[in-house]
Amino acid sequence: MTSSTASGGLARFNALEEGAARAVLHDVCASRAWGERLLAARPYAGADDLYAESDAAMADLTTADLTEAMAGHPPIGRPKPGDPTSSREQRGMAGASAELKEEMLELNLAYQERFGHVFLICATGRTGEQMRDAVRERLGHTAERERAIVRVELGKINRIRLATLVRDEPPGTEGG
């Protein structure tokens, strides 16, 4: 536990009514088990406590929980319409050539056919080419290896989204 008291965004999150907090957590990660665990551990003394609880919850997710979490993510190259979070996270594909976008679509479909779920990668800060190269590489993995990678990538995404949630500015006021 951190010794500092919660302030800014973390204090707002700690003070949310349970239903509102549950909805906010669902926006971070679609796994109900993950969200309920983070909800039950409130209030958080500091952001590091929140991140540690997220990591612990992620490590404990069942295969079904991971599947539920992945269902909340759009394919790379096709962010959810009207969703600024998925658009921001997939910014690396925004300026990609039509050829690269088409290749990503084909690779996404091949990945989904092989593993039964969307290709999940922490896309923040990655170029379209880096994401393409990652999906190409990961298509050769076993299902078990890929499931372990998905868990790590989802944990990274959750941490980034939680950091956005607890920053001092109210949600929606950050710059592009």
# chains A, B, ... in the order shown; residues from 1 in each chain; ligands from 1

$ residues_around --residues "region 162-168 of chain A" --least-positions-apart "6" --cutoff "10 Å" --atoms "only C-alpha atoms" --output "count of residues only"
23

$ select_by_dssp --residues "region 44-152 of chain A" --states "alpha helix (DSSP H)" --output "PyMOL selection string"
chain A and resi 47-60+63-70+84-89+91-94+98-115+128-138+143-152

$ atom_distance --atom1 "CA of Ala94 (chain A)" --atom2 "CA of Met131 (chain A)"
12.3 Å

$ atom_distance --atom1 "CA of Ala134 (chain A)" --atom2 "CA of Arg32 (chain A)"
27.9 Å

$ decode --residues "region 86-131 of chain A" --atoms "N, CA and C atoms" --output "compact mmCIF listing (two decimals), in the first residue's frame"
# COMPACT_ATOMS: atom_id res chain seq x y z
N SER A 86 -10.70 3.52 -28.01
CA SER A 86 -10.14 2.58 -28.98
C SER A 86 -9.49 3.31 -30.14
N SER A 87 -10.01 4.47 -30.52
CA SER A 87 -9.38 5.26 -31.58
C SER A 87 -8.01 5.76 -31.15
N ARG A 88 -7.91 6.24 -29.91
CA ARG A 88 -6.63 6.73 -29.38
C ARG A 88 -5.63 5.58 -29.28
N GLU A 89 -6.08 4.45 -28.78
CA GLU A 89 -5.18 3.31 -28.60
C GLU A 89 -4.68 2.76 -29.94
N GLN A 90 -5.49 2.85 -30.96
CA GLN A 90 -5.12 2.32 -32.27
C GLN A 90 -4.63 3.41 -33.22
N ARG A 91 -4.18 4.50 -32.68
CA ARG A 91 -3.73 5.63 -33.49
C ARG A 91 -2.69 5.22 -34.53
N GLY A 92 -1.88 4.21 -34.23
CA GLY A 92 -0.85 3.76 -35.15
C GLY A 92 -1.39 3.24 -36.47
N MET A 93 -2.65 2.85 -36.51
CA MET A 93 -3.25 2.37 -37.75
C MET A 93 -3.97 3.49 -38.50
N ALA A 94 -4.16 4.62 -37.85
CA ALA A 94 -4.94 5.70 -38.47
C ALA A 94 -4.36 6.17 -39.80
N GLY A 95 -3.04 6.31 -39.87
CA GLY A 95 -2.42 6.79 -41.11
C GLY A 95 -1.87 5.68 -41.98
N ALA A 96 -2.22 4.44 -41.66
CA ALA A 96 -1.70 3.30 -42.43
C ALA A 96 -2.25 3.32 -43.85
N SER A 97 -1.46 2.78 -44.75
CA SER A 97 -1.89 2.69 -46.15
C SER A 97 -3.08 1.74 -46.27
N ALA A 98 -3.80 1.89 -47.36
CA ALA A 98 -4.92 0.99 -47.63
C ALA A 98 -4.43 -0.45 -47.71
N GLU A 99 -3.23 -0.64 -48.25
CA GLU A 99 -2.65 -1.98 -48.36
C GLU A 99 -2.41 -2.59 -46.97
N LEU A 100 -1.84 -1.79 -46.07
CA LEU A 100 -1.57 -2.29 -44.71
C LEU A 100 -2.88 -2.57 -43.98
N LYS A 101 -3.86 -1.71 -44.13
CA LYS A 101 -5.16 -1.94 -43.49
C LYS A 101 -5.80 -3.22 -44.00
N GLU A 102 -5.70 -3.46 -45.29
CA GLU A 102 -6.26 -4.69 -45.87
C GLU A 102 -5.50 -5.91 -45.35
N GLU A 103 -4.18 -5.80 -45.26
CA GLU A 103 -3.37 -6.90 -44.74
C GLU A 103 -3.73 -7.18 -43.27
N MET A 104 -3.94 -6.13 -42.49
CA MET A 104 -4.32 -6.32 -41.09
C MET A 104 -5.68 -6.99 -40.98
N LEU A 105 -6.60 -6.63 -41.85
CA LEU A 105 -7.91 -7.28 -41.85
C LEU A 105 -7.75 -8.78 -42.11
N GLU A 106 -6.96 -9.12 -43.11
CA GLU A 106 -6.73 -10.53 -43.44
C GLU A 106 -6.04 -11.26 -42.29
N LEU A 107 -5.03 -10.62 -41.69
CA LEU A 107 -4.32 -11.23 -40.56
C LEU A 107 -5.23 -11.38 -39.34
N ASN A 108 -6.06 -10.36 -39.08
CA ASN A 108 -7.02 -10.44 -37.97
C ASN A 108 -7.96 -11.63 -38.16
N LEU A 109 -8.44 -11.80 -39.38
CA LEU A 109 -9.36 -12.91 -39.65
C LEU A 109 -8.65 -14.26 -39.50
N ALA A 110 -7.40 -14.35 -39.97
CA ALA A 110 -6.63 -15.59 -39.83
C ALA A 110 -6.38 -15.90 -38.35
N TYR A 111 -6.06 -14.85 -37.59
CA TYR A 111 -5.81 -15.02 -36.16
C TYR A 111 -7.09 -15.49 -35.46
N GLN A 112 -8.19 -14.83 -35.77
CA GLN A 112 -9.46 -15.18 -35.13
C GLN A 112 -9.87 -16.62 -35.49
N GLU A 113 -9.62 -17.01 -36.71
CA GLU A 113 -9.91 -18.38 -37.13
C GLU A 113 -9.04 -19.38 -36.36
N ARG A 114 -7.77 -19.03 -36.16
CA ARG A 114 -6.84 -19.95 -35.48
C ARG A 114 -7.10 -20.04 -33.98
N PHE A 115 -7.36 -18.89 -33.33
CA PHE A 115 -7.44 -18.88 -31.87
C PHE A 115 -8.85 -18.68 -31.32
N GLY A 116 -9.80 -18.30 -32.17
CA GLY A 116 -11.18 -18.18 -31.72
C GLY A 116 -11.51 -16.87 -31.02
N HIS A 117 -10.61 -15.91 -31.11
CA HIS A 117 -10.86 -14.59 -30.51
C HIS A 117 -10.06 -13.53 -31.25
N VAL A 118 -10.40 -12.29 -30.96
CA VAL A 118 -9.75 -11.14 -31.58
C VAL A 118 -8.26 -11.12 -31.21
N PHE A 119 -7.43 -10.65 -32.15
CA PHE A 119 -6.01 -10.43 -31.88
C PHE A 119 -5.93 -9.26 -30.91
N LEU A 120 -5.32 -9.50 -29.76
CA LEU A 120 -5.24 -8.47 -28.73
C LEU A 120 -3.79 -8.10 -28.50
N ILE A 121 -3.51 -6.81 -28.62
CA ILE A 121 -2.18 -6.28 -28.38
C ILE A 121 -2.34 -4.89 -27.78
N CYS A 122 -1.43 -4.53 -26.91
CA CYS A 122 -1.43 -3.16 -26.41
C CYS A 122 -0.91 -2.29 -27.54
N ALA A 123 -1.83 -1.67 -28.26
CA ALA A 123 -1.50 -0.93 -29.49
C ALA A 123 -0.96 0.46 -29.22
N THR A 124 -1.11 0.96 -28.01
CA THR A 124 -0.67 2.31 -27.68
C THR A 124 0.81 2.47 -28.01
N GLY A 125 1.11 3.45 -28.83
CA GLY A 125 2.50 3.76 -29.19
C GLY A 125 3.09 2.89 -30.29
N ARG A 126 2.33 1.95 -30.81
CA ARG A 126 2.83 1.07 -31.86
C ARG A 126 2.37 1.57 -33.23
N THR A 127 3.23 1.34 -34.21
CA THR A 127 2.87 1.67 -35.59
C THR A 127 2.05 0.53 -36.18
N GLY A 128 1.41 0.80 -37.27
CA GLY A 128 0.67 -0.23 -37.97
C GLY A 128 1.57 -1.39 -38.38
N GLU A 129 2.77 -1.07 -38.81
CA GLU A 129 3.72 -2.11 -39.21
C GLU A 129 4.12 -2.98 -38.02
N GLN A 130 4.32 -2.37 -36.86
CA GLN A 130 4.67 -3.15 -35.67
C GLN A 130 3.53 -4.09 -35.27
N MET A 131 2.30 -3.61 -35.39
CA MET A 131 1.16 -4.46 -35.05
C MET A 131 1.02 -5.60 -36.07
